[in-house]
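Let me begin by presenting the structure, written as structure tokens, before commenting on it.
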Amino acid sequence: MPPRPAQSHMMTALAEAEAAGARGEVPVGAVLVDGDGVVLAKAGNRTRELADPTAHAEMLAIRQACAAVGSERLIGADLYVTLEPCPMCAAAISFARIRRLYFGAGDPKGGGVEHGARIFTQPTCHFAPDVYGGIEEVRSGELLRRFFSERR
């Protein structure tokens, strides 16, 4: 069972996801907090806006948080993201030494944590965070379903 603040930080991530969707980006949001629950960074997807395939919400939040603390390591930090991270983002989470990962909806097609590559279980993975999936899963999934159904 995840610690209690997970709900409130996930609400912030959902707000970032909604803002990303309003910009025409896939609605995924992320929030990084330090060990005391202080927000270090928050972001939504910006791959189209920045013409950058690595501009996933998680990557942007990790970059912002690392800049804020002046280190490539975010030891003791927790990441809240509305969608299961892809393999690229999961690897970055590991490299940054993020303590806990909380995510909303699972991603059977593109996930890299509980689906697909399962980065944290690979022998080449040097650090794996504690993982808590399913936080606001229904709301996170609905944002994505609505976004894609409007484009079909």
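Chain identifiers are assigned as A, B, and so on, following the order in which chains appear in the structure tokens; residues are numbered from 1 within each chain, and ligands are numbered from 1 in order of appearance.
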
>> I need the residues in chain A that are alpha helix (DSSP H) according to DSSP; give them as a ChimeraX atom specification.
In response: /A:6-22,47-50,57-69,87-95,137-151

>> Could you check the closest approach to A:Leu50 for each of A:Gly110, A:Cys66, A:Met11, A:Arg23 and tell me which residue wins, using only C-alpha atoms?
In response: A:Arg23

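You can rank A:Pro129, A:Pro27, A:Gly104, A:Gly37 by their closest distance to A:Leu143 using only C-alpha atoms, and at the top of that list sits A:Pro27.
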
>> At a cut-off of 12 Å, using only C-alpha atoms, what residues contact A:Gly24? Leave out same-chain residues fewer than 6 positions from it and give the result as a PyMOL selection string.
In response: chain A and resi 17-18+44-49+144+147-148+150-151

Selection from above, N, CA and C atoms, as an mmCIF file, in the first residue's frame, can you write it?
```cif
data_model
loop_
_atom_site.group_PDB
_atom_site.id
_atom_site.type_symbol
_atom_site.label_atom_id
_atom_site.label_comp_id
_atom_site.auth_asym_id
_atom_site.auth_seq_id
_atom_site.Cartn_x
_atom_site.Cartn_y
_atom_site.Cartn_z
ATOM 1 N N ALA A 17 -1.255 16.387 -16.953
ATOM 2 C CA ALA A 17 -1.701 15.573 -18.085
ATOM 3 C C ALA A 17 -2.826 16.279 -18.837
ATOM 4 N N GLU A 18 -3.766 16.851 -18.105
ATOM 5 C CA GLU A 18 -4.868 17.575 -18.742
ATOM 6 C C GLU A 18 -4.346 18.770 -19.537
ATOM 7 N N GLY A 44 4.230 18.037 -18.237
ATOM 8 C CA GLY A 44 3.374 17.220 -19.084
ATOM 9 C C GLY A 44 4.127 16.953 -20.376
ATOM 10 N N ASN A 45 3.669 15.993 -21.132
ATOM 11 C CA ASN A 45 4.320 15.682 -22.410
ATOM 12 C C ASN A 45 4.460 16.935 -23.269
ATOM 13 N N ARG A 46 5.585 17.040 -23.986
ATOM 14 C CA ARG A 46 5.829 18.155 -24.909
ATOM 15 C C ARG A 46 6.588 17.680 -26.156
ATOM 16 N N THR A 47 6.349 16.437 -26.558
ATOM 17 C CA THR A 47 7.104 15.896 -27.695
ATOM 18 C C THR A 47 6.826 16.652 -28.991
ATOM 19 N N ARG A 48 5.573 16.997 -29.226
ATOM 20 C CA ARG A 48 5.218 17.732 -30.455
ATOM 21 C C ARG A 48 5.704 19.171 -30.383
ATOM 22 N N GLU A 49 5.406 19.819 -29.274
ATOM 23 C CA GLU A 49 5.775 21.227 -29.107
ATOM 24 C C GLU A 49 7.277 21.454 -29.260
ATOM 25 N N LEU A 144 -6.606 9.384 -21.338
ATOM 26 C CA LEU A 144 -5.979 8.851 -22.550
ATOM 27 C C LEU A 144 -7.016 8.355 -23.552
ATOM 28 N N PHE A 147 -8.743 11.297 -25.189
ATOM 29 C CA PHE A 147 -7.823 11.981 -26.096
ATOM 30 C C PHE A 147 -7.743 11.249 -27.435
ATOM 31 N N PHE A 148 -7.521 9.938 -27.389
ATOM 32 C CA PHE A 148 -7.378 9.171 -28.622
ATOM 33 C C PHE A 148 -8.695 8.986 -29.369
ATOM 34 N N GLU A 150 -11.076 11.143 -29.595
ATOM 35 C CA GLU A 150 -11.353 12.421 -30.267
ATOM 36 C C GLU A 150 -10.528 12.585 -31.544
ATOM 37 N N ARG A 151 -9.469 11.822 -31.671
ATOM 38 C CA ARG A 151 -8.595 11.948 -32.841
ATOM 39 C C ARG A 151 -8.872 10.892 -33.904
#
```

> Using only C-alpha atoms, which of the listed residues (A:Gly111, A:Gly21, A:Gly133, A:Pro53) sits closest to A:Arg146?
Replying inline: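 Using only C-alpha atoms, A:Arg146 sits closest to A:Gly21.
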
Closest pair table for stretch 76-96 of chain A residues within 6 Å of stretch 29-33 of chain A, only C-alpha atoms, as a tab-separated table:
```
residue	atom	partner	partner_atom	distance
A:Ala77	CA	A:Val33	CA	5.5
A:Asp78	CA	A:Val33	CA	5.3
A:Leu79	CA	A:Leu32	CA	4.5
A:Tyr80	CA	A:Val31	CA	5.1
A:Val81	CA	A:Ala30	CA	4.2
A:Thr82	CA	A:Gly29	CA	5.7
```

> Leaving out A:Gly76 and any residue of its chain fewer than 5 positions from it, which residues lie within 12 Å of it when counting only C-alpha atoms, given as a list in words?
Replying inline: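 So, after excluding close chain neighbours, the residues are Leu32, Val33, Asp34, Gly35, Asp36, Gly37, Val38, Leu40, Ala96, Arg97, Ile98, Arg99, Arg100, Leu101, Pro129 and Asp130 of chain A.
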
Any chance you can output those residues with N, CA and C atoms as an mmCIF file, in the first residue's frame?
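Saved file result_32.cif follows:
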```cif
data_model
loop_
_atom_site.group_PDB
_atom_site.id
_atom_site.type_symbol
_atom_site.label_atom_id
_atom_site.label_comp_id
_atom_site.auth_asym_id
_atom_site.auth_seq_id
_atom_site.Cartn_x
_atom_site.Cartn_y
_atom_site.Cartn_z
ATOM 1 N N LEU A 32 7.668 15.334 -9.587
ATOM 2 C CA LEU A 32 8.765 14.804 -8.780
ATOM 3 C C LEU A 32 8.805 15.557 -7.472
ATOM 4 N N VAL A 33 8.833 14.819 -6.365
ATOM 5 C CA VAL A 33 8.880 15.445 -5.049
ATOM 6 C C VAL A 33 10.073 14.912 -4.267
ATOM 7 N N ASP A 34 10.589 15.751 -3.360
ATOM 8 C CA ASP A 34 11.700 15.296 -2.528
ATOM 9 C C ASP A 34 11.163 14.436 -1.393
ATOM 10 N N GLY A 35 12.039 13.964 -0.534
ATOM 11 C CA GLY A 35 11.657 13.074 0.555
ATOM 12 C C GLY A 35 10.668 13.675 1.534
ATOM 13 N N ASP A 36 10.582 15.009 1.574
ATOM 14 C CA ASP A 36 9.633 15.683 2.459
ATOM 15 C C ASP A 36 8.316 16.001 1.754
ATOM 16 N N GLY A 37 8.188 15.615 0.492
ATOM 17 C CA GLY A 37 6.964 15.868 -0.255
ATOM 18 C C GLY A 37 6.922 17.221 -0.942
ATOM 19 N N VAL A 38 8.050 17.942 -0.948
ATOM 20 C CA VAL A 38 8.121 19.241 -1.615
ATOM 21 C C VAL A 38 8.296 19.012 -3.116
ATOM 22 N N LEU A 40 9.615 19.273 -6.581
ATOM 23 C CA LEU A 40 10.851 19.713 -7.231
ATOM 24 C C LEU A 40 10.597 20.098 -8.682
ATOM 25 N N ALA A 96 18.587 8.039 -12.390
ATOM 26 C CA ALA A 96 18.447 9.154 -11.451
ATOM 27 C C ALA A 96 18.329 8.675 -10.002
ATOM 28 N N ARG A 97 18.195 7.372 -9.807
ATOM 29 C CA ARG A 97 18.085 6.777 -8.469
ATOM 30 C C ARG A 97 16.851 7.271 -7.708
ATOM 31 N N ILE A 98 15.751 7.426 -8.447
ATOM 32 C CA ILE A 98 14.494 7.853 -7.826
ATOM 33 C C ILE A 98 14.010 6.750 -6.888
ATOM 34 N N ARG A 99 13.645 7.143 -5.693
ATOM 35 C CA ARG A 99 13.298 6.185 -4.636
ATOM 36 C C ARG A 99 12.017 5.411 -4.914
ATOM 37 N N ARG A 100 10.948 6.142 -5.264
ATOM 38 C CA ARG A 100 9.654 5.494 -5.483
ATOM 39 C C ARG A 100 9.022 6.009 -6.774
ATOM 40 N N LEU A 101 8.362 5.099 -7.464
ATOM 41 C CA LEU A 101 7.606 5.433 -8.664
ATOM 42 C C LEU A 101 6.149 5.092 -8.404
ATOM 43 N N PRO A 129 13.488 1.428 -8.335
ATOM 44 C CA PRO A 129 12.696 2.086 -7.301
ATOM 45 C C PRO A 129 11.604 1.152 -6.773
ATOM 46 N N ASP A 130 11.016 1.525 -5.648
ATOM 47 C CA ASP A 130 9.791 0.867 -5.223
ATOM 48 C C ASP A 130 8.714 1.331 -6.200
#
```

> Just how far from atom CA of A:Arg152 is atom CA of A:Pro85, in Å to one decimal?
Replying inline: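 If I compute the distance from atom CA of A:Pro85 to atom CA of A:Arg152, I get 23.9 Å.
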
> At what distance in Å, to one decimal, does atom CA of A:Gly141 lie from atom CA of A:Ser94?
Replying inline: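 Distance between the two atoms: 24.5 Å.
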
>> Excluding A:Glu72 and its own-chain neighbours fewer than 3 positions away, which residues fall within 10 Å of it when counting only C-alpha atoms? Please give them as an MDAnalysis selection string.
In response: chainID A and resid 62:63 65:67 69 75 95:97
